[in-house]
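Structure file run-v1.csv (CSV, C-alpha atoms and all ligand atoms) follows.
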chain,number,residue,atom,x,y,z
P,199,MET,CA,-0.1,-45.0,-78.1
P,200,HIS,CA,-3.8,-45.3,-78.7
P,201,PRO,CA,-5.6,-42.0,-77.7
P,202,THR,CA,-8.1,-44.0,-75.6
P,203,PHE,CA,-5.3,-44.3,-73.0
P,204,LEU,CA,-4.9,-40.5,-72.6
P,205,PRO,CA,-7.2,-40.2,-69.5
P,206,LEU,CA,-5.0,-42.7,-67.7
P,207,LEU,CA,-1.8,-40.6,-68.1
P,208,ARG,CA,-0.7,-37.8,-65.8
P,209,CYS,CA,2.2,-35.4,-65.5
P,210,PRO,CA,4.6,-37.1,-63.1
P,211,ARG,CA,5.7,-33.7,-61.7
P,212,THR,CA,2.4,-32.0,-61.0
P,213,GLY,CA,-0.1,-34.9,-61.2
P,214,SER,CA,-2.2,-32.8,-63.6
P,215,GLU,CA,-4.0,-34.0,-66.8
P,216,LEU,CA,-2.2,-34.0,-70.1
P,217,ARG,CA,-3.1,-32.5,-73.4
P,218,LEU,CA,-2.3,-34.6,-76.5
P,219,GLN,CA,-0.8,-33.1,-79.7
P,220,VAL,CA,-0.5,-35.6,-82.5
P,221,ASP,CA,2.2,-35.2,-85.1
P,222,GLU,CA,2.1,-38.6,-86.9
P,223,LEU,CA,-0.2,-41.6,-86.8
P,224,PHE,CA,0.5,-45.3,-87.4
P,225,GLU,CA,-1.7,-47.1,-89.9
P,226,ASP,CA,-3.9,-48.4,-87.1
P,227,ARG,CA,-4.6,-44.7,-86.1
P,228,SER,CA,-2.6,-44.9,-82.9
P,229,VAL,CA,-0.1,-42.1,-82.3
P,230,ARG,CA,3.4,-42.6,-83.6
P,231,SER,CA,4.8,-39.3,-82.6
P,232,GLY,CA,3.5,-36.2,-80.8
P,233,ARG,CA,3.6,-34.5,-77.5
P,234,LEU,CA,1.9,-34.5,-74.1
P,235,THR,CA,1.6,-31.2,-72.2
P,236,SER,CA,0.6,-30.9,-68.6
P,237,ALA,CA,-2.3,-28.6,-67.7
P,238,LEU,CA,-0.3,-27.3,-64.7
P,239,GLY,CA,3.2,-25.9,-65.4
P,240,GLY,CA,3.1,-26.7,-69.1
P,241,HIS,CA,5.6,-29.6,-68.8
P,242,GLN,CA,6.1,-31.4,-72.1
P,243,TYR,CA,6.7,-35.1,-72.7
P,244,PRO,CA,7.3,-36.5,-76.2
P,245,ILE,CA,5.7,-39.5,-77.8
P,246,VAL,CA,8.3,-41.3,-79.9
P,247,GLY,CA,7.8,-44.5,-81.7
P,248,GLY,CA,4.3,-44.8,-80.2
P,249,ILE,CA,5.6,-44.6,-76.6
P,250,PRO,CA,4.9,-41.7,-74.3
P,251,ARG,CA,8.3,-40.9,-72.7
P,252,PHE,CA,8.4,-39.4,-69.2
P,253,VAL,CA,12.1,-40.0,-68.6
P,254,ASP,CA,14.8,-38.8,-71.0
P,255,GLN,CA,17.3,-41.5,-70.0
P,256,GLU,CA,17.4,-45.0,-68.5
P,257,HIS,CA,19.2,-43.8,-65.4
P,258,TYR,CA,20.1,-46.8,-63.2
P,259,ALA,CA,18.0,-49.3,-65.3
P,260,GLY,CA,20.3,-49.3,-68.3
P,261,SER,CA,21.6,-52.8,-67.9
P,262,PHE,CA,18.0,-54.1,-68.3
P,263,GLY,CA,17.5,-52.2,-71.5
P,264,TYR,CA,20.4,-54.0,-73.1
P,265,GLU,CA,19.3,-57.4,-71.8
P,266,TRP,CA,15.7,-57.1,-72.9
P,267,HIS,CA,16.6,-55.8,-76.3
P,268,LYS,CA,18.8,-58.8,-77.0
P,269,TRP,CA,16.4,-61.5,-75.5
P,270,SER,CA,13.0,-59.9,-75.9
P,271,ARG,CA,10.8,-63.0,-75.9
P,272,VAL,CA,12.8,-65.7,-74.2
P,273,GLN,CA,10.6,-65.7,-71.1
P,274,PHE,CA,7.2,-65.4,-72.8
P,275,GLU,CA,5.1,-68.4,-72.0
P,276,ARG,CA,4.2,-69.0,-75.6
P,277,GLU,CA,7.9,-69.1,-76.5
P,278,ASN,CA,8.5,-72.0,-74.1
P,279,ALA,CA,6.0,-74.6,-75.3
P,280,GLY,CA,7.8,-78.0,-75.3
P,281,ARG,CA,10.9,-76.5,-73.7
P,282,PRO,CA,12.4,-77.1,-70.2
P,283,MET,CA,10.9,-73.9,-68.7
P,284,ALA,CA,7.4,-74.4,-70.1
P,285,GLY,CA,4.7,-73.3,-67.6
P,286,HIS,CA,7.2,-71.3,-65.5
P,287,THR,CA,6.1,-67.8,-66.5
P,288,ARG,CA,2.4,-68.6,-66.1
P,289,ARG,CA,2.9,-70.3,-62.7
P,290,MET,CA,5.0,-67.4,-61.5
P,291,PHE,CA,2.4,-64.8,-62.6
P,292,GLU,CA,-0.6,-66.7,-61.2
P,293,THR,CA,1.1,-67.6,-57.9
P,294,ILE,CA,2.4,-64.1,-57.2
P,295,THR,CA,-0.6,-62.1,-58.3
P,296,GLY,CA,-3.2,-64.7,-57.2
P,297,LEU,CA,-5.1,-63.8,-60.4
P,298,ALA,CA,-6.5,-66.5,-62.6
P,299,PRO,CA,-7.4,-65.6,-66.2
P,300,ALA,CA,-11.1,-65.2,-65.2
P,301,ASP,CA,-10.1,-62.5,-62.6
P,302,LEU,CA,-8.5,-60.4,-65.4
P,303,LYS,CA,-11.2,-60.5,-68.0
P,304,GLY,CA,-12.3,-57.0,-68.7
P,305,GLN,CA,-10.1,-55.5,-66.1
P,306,LEU,CA,-7.7,-52.6,-66.4
P,307,ALA,CA,-4.2,-53.8,-65.3
P,308,VAL,CA,-0.9,-52.1,-64.8
P,309,GLU,CA,2.5,-53.6,-64.5
P,310,PHE,CA,5.3,-51.6,-62.8
P,311,GLY,CA,8.6,-52.6,-64.5
P,312,CYS,CA,7.2,-54.6,-67.4
P,313,GLY,CA,10.5,-55.4,-69.2
P,314,PRO,CA,9.6,-56.7,-72.6
P,315,GLY,CA,6.2,-57.8,-71.4
P,316,ARG,CA,6.0,-61.5,-70.5
P,317,PHE,CA,3.4,-60.8,-67.8
P,318,LEU,CA,1.5,-58.2,-69.8
P,319,ASP,CA,1.1,-60.9,-72.4
P,320,LEU,CA,-0.6,-63.2,-69.9
P,321,ALA,CA,-2.9,-60.4,-68.6
P,322,ARG,CA,-3.7,-59.4,-72.1
P,323,GLY,CA,-4.3,-63.0,-73.1
P,324,ALA,CA,-6.8,-63.3,-70.2
P,325,GLY,CA,-8.8,-60.3,-71.7
P,326,ALA,CA,-7.4,-57.4,-69.6
P,327,THR,CA,-6.5,-54.0,-71.0
P,328,ALA,CA,-2.9,-53.5,-69.9
P,329,VAL,CA,-0.5,-50.7,-69.3
P,330,GLY,CA,3.2,-51.5,-68.9
P,331,LEU,CA,5.5,-49.0,-67.3
P,332,ASP,CA,9.3,-49.3,-67.5
P,333,MET,CA,12.2,-46.9,-67.3
P,334,SER,CA,14.7,-48.6,-69.6
P,335,VAL,CA,14.7,-49.1,-73.4
P,336,ALA,CA,13.1,-52.5,-72.7
P,337,VAL,CA,10.0,-50.4,-73.7
P,338,GLU,CA,11.1,-50.7,-77.3
P,339,SER,CA,11.0,-54.5,-77.1
P,340,ALA,CA,7.7,-54.4,-75.3
P,341,ARG,CA,6.3,-52.0,-77.9
P,342,GLU,CA,7.4,-54.4,-80.7
P,343,ASN,CA,5.9,-57.4,-78.8
P,344,PHE,CA,2.5,-55.7,-78.6
P,345,ARG,CA,2.6,-53.8,-81.9
P,346,GLY,CA,-0.9,-53.3,-83.3
P,347,ASP,CA,-2.7,-54.2,-80.1
P,348,PRO,CA,-5.0,-51.3,-79.2
P,349,LYS,CA,-5.5,-52.6,-75.7
P,350,VAL,CA,-1.9,-52.4,-74.6
P,351,LEU,CA,0.0,-49.2,-73.8
P,352,ILE,CA,3.7,-49.2,-73.1
P,353,VAL,CA,5.0,-46.1,-71.2
P,354,GLN,CA,8.6,-45.1,-70.5
P,355,GLY,CA,8.7,-43.7,-67.0
P,356,ASP,CA,9.8,-44.2,-63.4
P,357,VAL,CA,7.8,-46.5,-61.1
P,358,LEU,CA,8.8,-44.1,-58.2
P,359,HIS,CA,7.0,-41.3,-60.0
P,360,PRO,CA,4.4,-43.0,-62.1
P,361,PRO,CA,2.9,-40.8,-64.9
P,362,LEU,CA,-0.5,-42.4,-64.2
P,363,ALA,CA,-3.8,-41.3,-62.8
P,364,ARG,CA,-4.5,-42.1,-59.2
P,365,ALA,CA,-7.0,-44.8,-58.4
P,366,ALA,CA,-7.5,-45.6,-62.0
P,367,PHE,CA,-6.6,-49.3,-62.4
P,368,ASP,CA,-8.4,-52.5,-61.2
P,369,VAL,CA,-5.2,-54.5,-60.6
P,370,GLY,CA,-1.5,-53.8,-60.4
P,371,TYR,CA,1.6,-55.9,-60.0
P,372,SER,CA,5.4,-55.5,-59.9
P,373,ILE,CA,7.5,-58.7,-60.2
P,374,GLY,CA,11.2,-58.6,-59.7
P,375,VAL,CA,11.5,-54.9,-60.0
P,376,LEU,CA,11.3,-52.8,-56.8
P,377,HIS,CA,14.6,-54.2,-55.4
P,378,HIS,CA,16.3,-52.6,-58.5
P,379,THR,CA,15.2,-49.1,-57.4
P,380,PRO,CA,16.6,-47.0,-54.6
P,381,ALA,CA,13.3,-46.9,-52.8
P,382,PRO,CA,11.3,-50.2,-53.0
P,383,ALA,CA,8.7,-49.2,-50.3
P,384,ALA,CA,8.0,-46.0,-52.1
P,385,GLY,CA,7.5,-48.0,-55.3
P,386,LEU,CA,4.9,-50.2,-53.6
P,387,ARG,CA,3.1,-47.1,-52.3
P,388,ALA,CA,3.2,-45.6,-55.8
P,389,LEU,CA,1.7,-48.9,-57.2
P,390,ALA,CA,-1.1,-48.9,-54.6
P,391,GLY,CA,-1.8,-45.2,-55.4
P,392,VAL,CA,-2.8,-45.9,-59.0
P,393,ILE,CA,-5.2,-48.7,-58.0
P,394,ARG,CA,-8.9,-48.1,-57.2
P,395,PRO,CA,-10.1,-48.9,-53.7
P,396,GLY,CA,-10.9,-52.6,-53.5
P,397,GLY,CA,-8.5,-53.3,-56.4
P,398,ARG,CA,-5.7,-55.9,-56.0
P,399,ILE,CA,-1.9,-55.5,-56.0
P,400,ALA,CA,1.0,-57.9,-55.8
P,401,CYS,CA,4.7,-57.6,-55.6
P,402,SER,CA,7.7,-59.9,-55.5
P,403,VAL,CA,11.2,-58.8,-54.5
P,404,TYR,CA,14.5,-60.5,-53.7
P,405,GLN,CA,14.7,-62.3,-50.3
P,406,GLN,CA,17.3,-61.6,-47.7
P,407,GLY,CA,19.8,-64.5,-47.5
P,408,SER,CA,18.9,-65.9,-50.9
P,409,PHE,CA,21.2,-66.4,-53.9
P,410,TYR,CA,21.1,-62.6,-54.5
P,411,ASP,CA,22.9,-62.2,-51.2
P,412,TYR,CA,25.7,-64.7,-52.0
P,413,PRO,CA,29.2,-63.3,-51.6
P,414,SER,CA,29.9,-64.5,-55.2
P,415,VAL,CA,27.0,-62.4,-56.5
P,416,ALA,CA,28.1,-59.4,-54.5
P,417,LEU,CA,31.6,-59.8,-55.8
P,418,TYR,CA,30.7,-60.0,-59.5
P,419,ARG,CA,28.1,-57.2,-59.2
P,420,GLY,CA,30.7,-55.0,-57.5
P,421,LEU,CA,33.1,-55.7,-60.4
P,422,VAL,CA,30.5,-54.9,-63.0
P,423,ASN,CA,29.5,-51.7,-61.2
P,424,ALA,CA,33.2,-50.7,-60.8
P,425,ALA,CA,33.8,-51.3,-64.6
P,426,ARG,CA,30.7,-49.2,-65.4
P,427,ALA,CA,31.9,-46.3,-63.3
P,428,ARG,CA,35.5,-46.6,-64.7
P,429,PHE,CA,35.0,-47.6,-68.3
P,430,GLY,CA,31.3,-46.9,-69.1
P,431,ALA,CA,28.2,-49.1,-69.5
P,432,ARG,CA,29.2,-50.7,-72.8
P,433,VAL,CA,32.4,-52.1,-71.5
P,434,ALA,CA,30.7,-53.3,-68.2
P,435,MET,CA,28.0,-55.1,-70.1
P,436,THR,CA,30.5,-56.7,-72.5
P,437,LEU,CA,32.5,-58.1,-69.5
P,438,ALA,CA,29.2,-59.2,-67.8
P,439,LEU,CA,28.1,-61.0,-71.0
P,440,TRP,CA,31.4,-62.8,-71.3
P,441,TYR,CA,31.1,-64.1,-67.8
P,442,THR,CA,27.5,-64.9,-68.2
P,443,SER,CA,28.0,-67.0,-71.4
P,444,PHE,CA,30.8,-68.8,-69.6
P,445,ALA,CA,28.5,-69.5,-66.6
P,446,ALA,CA,25.6,-70.5,-68.7
P,447,TYR,CA,27.5,-72.9,-71.0
P,448,GLY,CA,30.9,-73.7,-69.5
P,449,LEU,CA,30.2,-73.7,-65.7
P,450,TYR,CA,26.7,-75.2,-65.7
P,451,TYR,CA,27.6,-78.7,-66.8
P,452,PRO,CA,30.5,-79.4,-64.5
P,453,LEU,CA,28.6,-77.9,-61.5
P,454,ALA,CA,25.5,-79.9,-62.4
P,455,LEU,CA,27.6,-83.1,-62.5
P,456,ALA,CA,29.4,-82.2,-59.3
P,457,ARG,CA,26.0,-81.8,-57.5
P,458,LYS,CA,25.3,-85.4,-58.4
P,459,ILE,CA,28.5,-86.8,-56.9
P,460,ARG,CA,28.5,-87.1,-53.2
P,461,GLY,CA,32.1,-86.1,-52.5
P,462,ALA,CA,31.9,-83.1,-54.9
P,463,ARG,CA,28.5,-81.7,-53.9
P,464,ARG,CA,29.9,-79.6,-51.0
P,465,LEU,CA,32.7,-78.2,-53.2
P,466,ALA,CA,30.1,-77.2,-55.9
P,467,GLY,CA,28.0,-75.4,-53.2
P,468,TYR,CA,31.0,-73.7,-51.8
P,469,LEU,CA,32.1,-72.4,-55.2
P,470,GLU,CA,28.6,-71.2,-56.1
P,471,LYS,CA,28.4,-69.3,-52.8
P,472,TYR,CA,31.8,-67.8,-52.7
P,473,ALA,CA,33.5,-67.8,-56.1
P,474,LEU,CA,31.3,-68.4,-59.1
P,475,VAL,CA,27.8,-67.0,-60.0
P,476,SER,CA,25.9,-69.8,-61.6
P,477,LEU,CA,22.3,-70.9,-61.8
P,478,ASN,CA,20.9,-74.3,-62.0
P,479,LEU,CA,18.2,-73.7,-64.6
P,480,PRO,CA,17.5,-76.3,-67.4
P,481,ASP,CA,17.3,-73.7,-70.2
P,482,ALA,CA,20.6,-72.0,-71.2
P,483,ARG,CA,18.8,-68.8,-72.4
P,484,TRP,CA,17.1,-68.4,-69.0
P,485,ARG,CA,20.4,-69.0,-67.3
P,486,ILE,CA,21.9,-66.1,-69.3
P,487,LEU,CA,19.1,-63.8,-68.3
P,488,ASP,CA,19.1,-64.7,-64.7
P,489,VAL,CA,22.8,-64.5,-64.2
P,490,LEU,CA,22.8,-61.1,-66.0
P,491,ASP,CA,19.9,-60.0,-63.6
P,492,ALA,CA,22.1,-61.0,-60.7
P,493,ILE,CA,25.4,-59.3,-61.6
P,494,THR,CA,24.6,-56.2,-63.7
P,495,PRO,CA,22.0,-54.0,-61.9
P,496,THR,CA,23.1,-50.9,-60.1
P,497,PHE,CA,20.6,-51.6,-57.3
P,498,ALA,CA,19.7,-55.1,-56.1
P,499,SER,CA,18.5,-54.9,-52.5
P,500,THR,CA,17.2,-57.9,-50.6
P,501,HIS,CA,14.4,-57.9,-48.0
P,502,THR,CA,12.6,-59.8,-45.3
P,503,ALA,CA,9.0,-60.9,-45.3
P,504,GLU,CA,8.2,-58.5,-42.4
P,505,GLU,CA,9.6,-55.6,-44.4
P,506,VAL,CA,7.5,-56.4,-47.5
P,507,ARG,CA,4.4,-56.9,-45.4
P,508,GLY,CA,5.1,-53.6,-43.8
P,509,TRP,CA,5.2,-51.9,-47.2
P,510,PHE,CA,1.7,-53.2,-48.0
P,511,ALA,CA,0.4,-52.0,-44.6
P,512,ALA,CA,2.0,-48.6,-45.0
P,513,ALA,CA,0.4,-48.3,-48.5
P,514,GLY,CA,-3.0,-48.8,-46.9
P,515,CYS,CA,-3.7,-52.3,-48.0
P,516,ARG,CA,-5.8,-54.9,-46.3
P,517,GLU,CA,-6.1,-58.7,-46.7
P,518,ILE,CA,-2.3,-58.7,-47.0
P,519,ARG,CA,-1.0,-62.2,-47.7
P,520,GLN,CA,2.3,-63.9,-48.3
P,521,VAL,CA,2.1,-66.0,-51.5
P,522,ALA,CA,3.9,-69.2,-52.3
P,523,TRP,CA,6.7,-67.8,-54.4
P,524,GLY,CA,9.6,-67.3,-51.9
P,525,ALA,CA,9.1,-65.5,-48.6
P,526,THR,CA,9.1,-61.9,-50.1
P,527,SER,CA,6.1,-62.2,-52.5
P,528,PHE,CA,2.9,-60.6,-51.2
P,529,ALA,CA,-0.5,-59.6,-52.5
P,530,GLY,CA,-3.2,-57.4,-51.0
P,531,VAL,CA,-6.3,-55.3,-51.5
P,532,VAL,CA,-6.0,-51.6,-51.8
P,533,GLY,CA,-8.0,-49.4,-49.3
P,534,GLY,CA,-8.7,-49.7,-45.7
P,535,THR,CA,-6.2,-50.6,-43.0
P,536,GLN,CA,-7.7,-53.8,-41.6
P,537,GLU,CA,-5.2,-56.6,-42.1
P,538,SER,CA,-5.3,-60.4,-42.0
P,539,ALA,CA,-2.1,-61.7,-40.5
P,540,ALA,CA,-1.3,-64.3,-43.1
P,541,LEU,CA,2.4,-64.7,-42.4
P,601,LIG,C1,14.3,-58.0,-63.7
P,601,LIG,S1,13.4,-57.0,-64.8
P,601,LIG,C2,11.8,-57.6,-64.6
P,601,LIG,C3,10.9,-57.4,-65.8
P,601,LIG,C4,9.5,-58.1,-65.7
P,601,LIG,N1,8.8,-57.7,-64.5
P,601,LIG,C5,9.7,-59.6,-65.8
P,601,LIG,O1,9.8,-60.2,-64.7
P,601,LIG,O2,9.7,-60.1,-66.9
P,601,LIG,C6,13.3,-55.4,-64.0
P,601,LIG,C7,12.7,-54.3,-64.8
P,601,LIG,O3,12.5,-53.2,-64.0
P,601,LIG,C8,12.8,-52.0,-64.7
P,601,LIG,N2,13.1,-50.9,-63.8
P,601,LIG,C9,14.0,-50.8,-62.9
P,601,LIG,N3,13.9,-49.7,-62.2
P,601,LIG,C10,12.8,-49.0,-62.7
P,601,LIG,C11,12.1,-47.8,-62.4
P,601,LIG,N4,12.6,-47.0,-61.4
P,601,LIG,N5,11.1,-47.5,-63.1
P,601,LIG,C12,10.6,-48.3,-64.1
P,601,LIG,N6,11.2,-49.5,-64.4
P,601,LIG,C13,12.3,-49.8,-63.7
P,601,LIG,C14,14.0,-52.4,-65.6
P,601,LIG,O4,14.2,-51.6,-66.7
P,601,LIG,C15,13.6,-53.8,-66.0
P,601,LIG,O5,12.9,-53.9,-67.2

Could you spell out this file's structure in C-alpha cells?
Amino acid sequence: MHPTFLPLLRCPRTGSELRLQVDELFEDRSVRSGRLTSALGGHQYPIVGGIPRFVDQEHYAGSFGYEWHKWSRVQFERENAGRPMAGHTRRMFETITGLAPADLKGQLAVEFGCGPGRFLDLARGAGATAVGLDMSVAVESARENFRGDPKVLIVQGDVLHPPLARAAFDVGYSIGVLHHTPAPAAGLRALAGVIRPGGRIACSVYQQGSFYDYPSVALYRGLVNAARARFGARVAMTLALWYTSFAAYGLYYPLALARKIRGARRLAGYLEKYALVSLNLPDARWRILDVLDAITPTFASTHTAEEVRGWFAAAGCREIRQVAWGATSFAGVVGGTQESAAL
C-alpha cells in the first residue's frame, strides 16, 4: 500500500479516518506491513503483504479466492491476444461502464469486487489511478498482478461495508459481483456513496431467466453448497473442479457437435438446461472459470432490469441507462434524482 492512498481509506465500522503505523516497507517505499487505527473507537486493521485488510476471513466469497488464485490472469485482455476470447474483456468493460480510455485518464477509479484485476488493468492502462476492493484472497493475485505500481491499491474488504471515504472517487463500477452478495441493492448504494456528485457508476448482475437460473445450474450449485456444509470448502471445491474440467473438456465437444446437427440440437439444449452445466465458449480456460462461477458461489441471485434500474434510482443516480450487455447492466451519474427513462 502506497501511503498516498491513506486519505481514501476509512474505518468500515465508524466511517472515521485512519492513522497509519508502518512496520515494514517494500523496496519501492510502499508499506508491506503495518496497522491502520480508526480515529473513533480505536479499531485496528492490519496491513499484510502490502494489502490493508478490513475483513479477517473470506466469508461467503471463499470459492472465488481459490478460483482466482489458480487462474489469476486468464481473463486479462493482454493475455488473450491472438486467442479465441481476444477483445472480450475490453468490450465488456467499455460497454458496461460506458467509459472509453480518454474518459479514464487522470481519474480516480474504484472497482467493487475486483477479483485478480482484469478491469483494473484496463482502467490503469487508460491512465486512471485505481483502487480494487475484494473480500476473498483474490486480493493476493491482484496484488501480484499490480506489484510495484504506485497508482494501484488493492484492499481486502466487503463491498457492503466499504472501507473507503465517501464521495472520494470519480468513477466506480462493479461487474459480476453484487449478485454474489446477500444484499445487491445495498452494494449498489455503497458504490454510489463513495463516488463524488457528478461521477459515474456502472454495474452488471445476473439476469433473471438466464443461464444462471437454469435448473441444471441450481442443481449443481445446490450439490456444491451441500458438500461445503457437510464436508468443508476444500472437498466442495475439489468436486466442483472435477465436474468443471469434465464440462470444459469432455462435455463441450459432443454438445458443440450436437448443436450443429438438426435432430440433436433440441436434445443438447434440453441437457444443458436440465442436466448438465456447460458453456459454449471457444476457450477452455474461460469455460472452466465461467462454469466454476456458476456452480460454486454461496450466493448467486438473478434480477430484472426494473430491479436494477430501481437500485440506481434509490442510490440517488440520474441519467440511468441500460447498456448493451444483457438486460441487467446499467450505468448512471451520481447525485440528483432526475432520471432519463432509458429502458
Ligand atoms: C465473478 S468474480 C468477478 C471479479 C471481477 N469483477 C471480474 O469480472 O473479473 C466476483 C468477485 O466478487 C468478490 N466478492 C463477492 N462478494 C464480495 C463482497 N461482499 N465484498 C467484496 N468482494 C466480494 C469475489 O471475491 C470475487 O472476486

Would you tabulate, counting all atoms listed in the file, all residues of chain P that have an atom at most 9 Å from an atom of ligand LIG 601 (chain P), showing the closest pair of atoms and their distance in Å to one decimal, sorted by chain then ascending number, as a Markdown table?
| residue | atom | partner | partner_atom | distance |
| --- | --- | --- | --- | --- |
| P:Glu256 | CA | P:LIG601 | O4 | 7.6 |
| P:His257 | CA | P:LIG601 | N4 | 8.4 |
| P:Tyr258 | CA | P:LIG601 | N3 | 6.9 |
| P:Ala259 | CA | P:LIG601 | O4 | 4.7 |
| P:Gly260 | CA | P:LIG601 | O4 | 6.7 |
| P:Ser261 | CA | P:LIG601 | O4 | 7.6 |
| P:Phe262 | CA | P:LIG601 | O4 | 4.8 |
| P:Gly263 | CA | P:LIG601 | O4 | 5.9 |
| P:Glu265 | CA | P:LIG601 | O5 | 8.6 |
| P:Trp266 | CA | P:LIG601 | O5 | 7.1 |
| P:Gln273 | CA | P:LIG601 | O2 | 7.1 |
| P:Phe274 | CA | P:LIG601 | O2 | 8.3 |
| P:Thr287 | CA | P:LIG601 | O2 | 8.5 |
| P:Phe291 | CA | P:LIG601 | O1 | 9.0 |
| P:Glu309 | CA | P:LIG601 | N1 | 7.5 |
| P:Phe310 | CA | P:LIG601 | C12 | 6.4 |
| P:Gly311 | CA | P:LIG601 | O3 | 4.0 |
| P:Cys312 | CA | P:LIG601 | C4 | 4.5 |
| P:Gly313 | CA | P:LIG601 | O5 | 3.5 |
| P:Pro314 | CA | P:LIG601 | O2 | 6.6 |
| P:Gly315 | CA | P:LIG601 | O2 | 6.1 |
| P:Arg316 | CA | P:LIG601 | O2 | 5.3 |
| P:Phe317 | CA | P:LIG601 | O2 | 6.4 |
| P:Leu318 | CA | P:LIG601 | O2 | 8.9 |
| P:Leu331 | CA | P:LIG601 | C12 | 6.1 |
| P:Asp332 | CA | P:LIG601 | N6 | 3.6 |
| P:Met333 | CA | P:LIG601 | C12 | 3.8 |
| P:Ser334 | CA | P:LIG601 | O4 | 4.2 |
| P:Val335 | CA | P:LIG601 | O4 | 7.2 |
| P:Ala336 | CA | P:LIG601 | O5 | 5.7 |
| P:Val337 | CA | P:LIG601 | O5 | 7.9 |
| P:Gln354 | CA | P:LIG601 | C12 | 7.4 |
| P:Gly355 | CA | P:LIG601 | C12 | 5.8 |
| P:Asp356 | CA | P:LIG601 | N5 | 3.6 |
| P:Val357 | CA | P:LIG601 | N5 | 4.0 |
| P:Leu358 | CA | P:LIG601 | N4 | 5.8 |
| P:His359 | CA | P:LIG601 | N5 | 8.1 |
| P:Pro360 | CA | P:LIG601 | N5 | 8.1 |
| P:Tyr371 | CA | P:LIG601 | N1 | 8.7 |
| P:Ser372 | CA | P:LIG601 | N1 | 6.1 |
| P:Ile373 | CA | P:LIG601 | N1 | 4.6 |
| P:Gly374 | CA | P:LIG601 | C2 | 5.0 |
| P:Val375 | CA | P:LIG601 | C6 | 4.4 |
| P:Leu376 | CA | P:LIG601 | N3 | 6.7 |
| P:His377 | CA | P:LIG601 | N3 | 8.2 |
| P:His378 | CA | P:LIG601 | N3 | 5.3 |
| P:Thr379 | CA | P:LIG601 | N3 | 5.0 |
| P:Pro380 | CA | P:LIG601 | N4 | 7.9 |
| P:Ala381 | CA | P:LIG601 | N4 | 8.6 |
| P:Gly385 | CA | P:LIG601 | N4 | 8.0 |
| P:Leu487 | CA | P:LIG601 | C1 | 8.8 |
| P:Asp488 | CA | P:LIG601 | C1 | 8.3 |
| P:Asp491 | CA | P:LIG601 | C1 | 5.9 |
| P:Ala492 | CA | P:LIG601 | C1 | 8.9 |
| P:Pro495 | CA | P:LIG601 | C9 | 8.7 |
| P:Phe497 | CA | P:LIG601 | N3 | 8.5 |

Quick one: residues within 8 Å of (-8.0, -43.2, -80.0) (file frame), counting all atoms listed in the file, please, as a PyMOL selection string. chain P and resi 200-203+227-228

Between atom CA of Ala454 of chain P and atom CA of Asn478 of chain P, what is the distance in Å, rounded to a tenth?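 Computing it gives 7.3 Å between the two atoms.
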
Restricting the calculation to all atoms listed in the file: of P:Ser443, P:Tyr451, P:Ala424, P:Ala384, which residue gets closest to Val506 of chain P? P:Ala384

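A straight line drawn from atom CA of Val403 of chain P to atom CA of Glu338 of chain P is 24.2 Å long.
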
Could you check which of P:Asp481, P:Pro395, P:Pro250, P:Ser236 is closest to Asn278 of chain P, using all atoms listed in the file? P:Asp481

For atom CA of Ile486 of chain P and atom CA of Asp319 of chain P, the interatomic separation in Å (one decimal):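 Computing it gives 21.7 Å between the two atoms.
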
Nearest to Leu417 of chain P by atom-to-atom distance, counting only C-alpha atoms, from P:Leu474, P:Leu455, P:Ala390, P:Ala321: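 The closest residue to Leu417 of chain P is P:Leu474.
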
Spatial neighbours of Glu275 of chain P, max dist 7 Å, all atoms listed in the file, sep filter under 4 positions, as a PyMOL selection string: chain P and resi 284-285+287-288

Using only C-alpha atoms, which of P:Pro210, P:Gly346, P:Gly391, P:Gly248 sits nearest Gly370 of chain P?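 Ranking P:Pro210, P:Gly346, P:Gly391, P:Gly248 by distance to Gly370 of chain P, first place goes to P:Gly391.
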
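Here the question is which of P:Leu306, P:Leu351, P:Ile399, P:Ala503 gets nearest to Asp368 of chain P using all atoms listed in the file, and that residue is P:Leu306.
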
Nearest to Gly296 of chain P, restricted to all atoms listed in the file and choosing among P:Gly430, P:Ala279, P:Ala400, P:Leu204, comes out as P:Ala400

Cut-off 12 Å around (-5.1, -40.8, -59.5) with all atoms listed in the file: residues as a list in words: Pro205, Leu206, Leu207, Arg208, Cys209, Pro210, Thr212, Gly213, Ser214, Glu215, Pro360, Pro361, Leu362, Ala363, Arg364, Ala365, Ala366, Phe367, Ala388, Leu389, Ala390, Gly391, Val392, Ile393, Arg394 and Pro395 of chain P
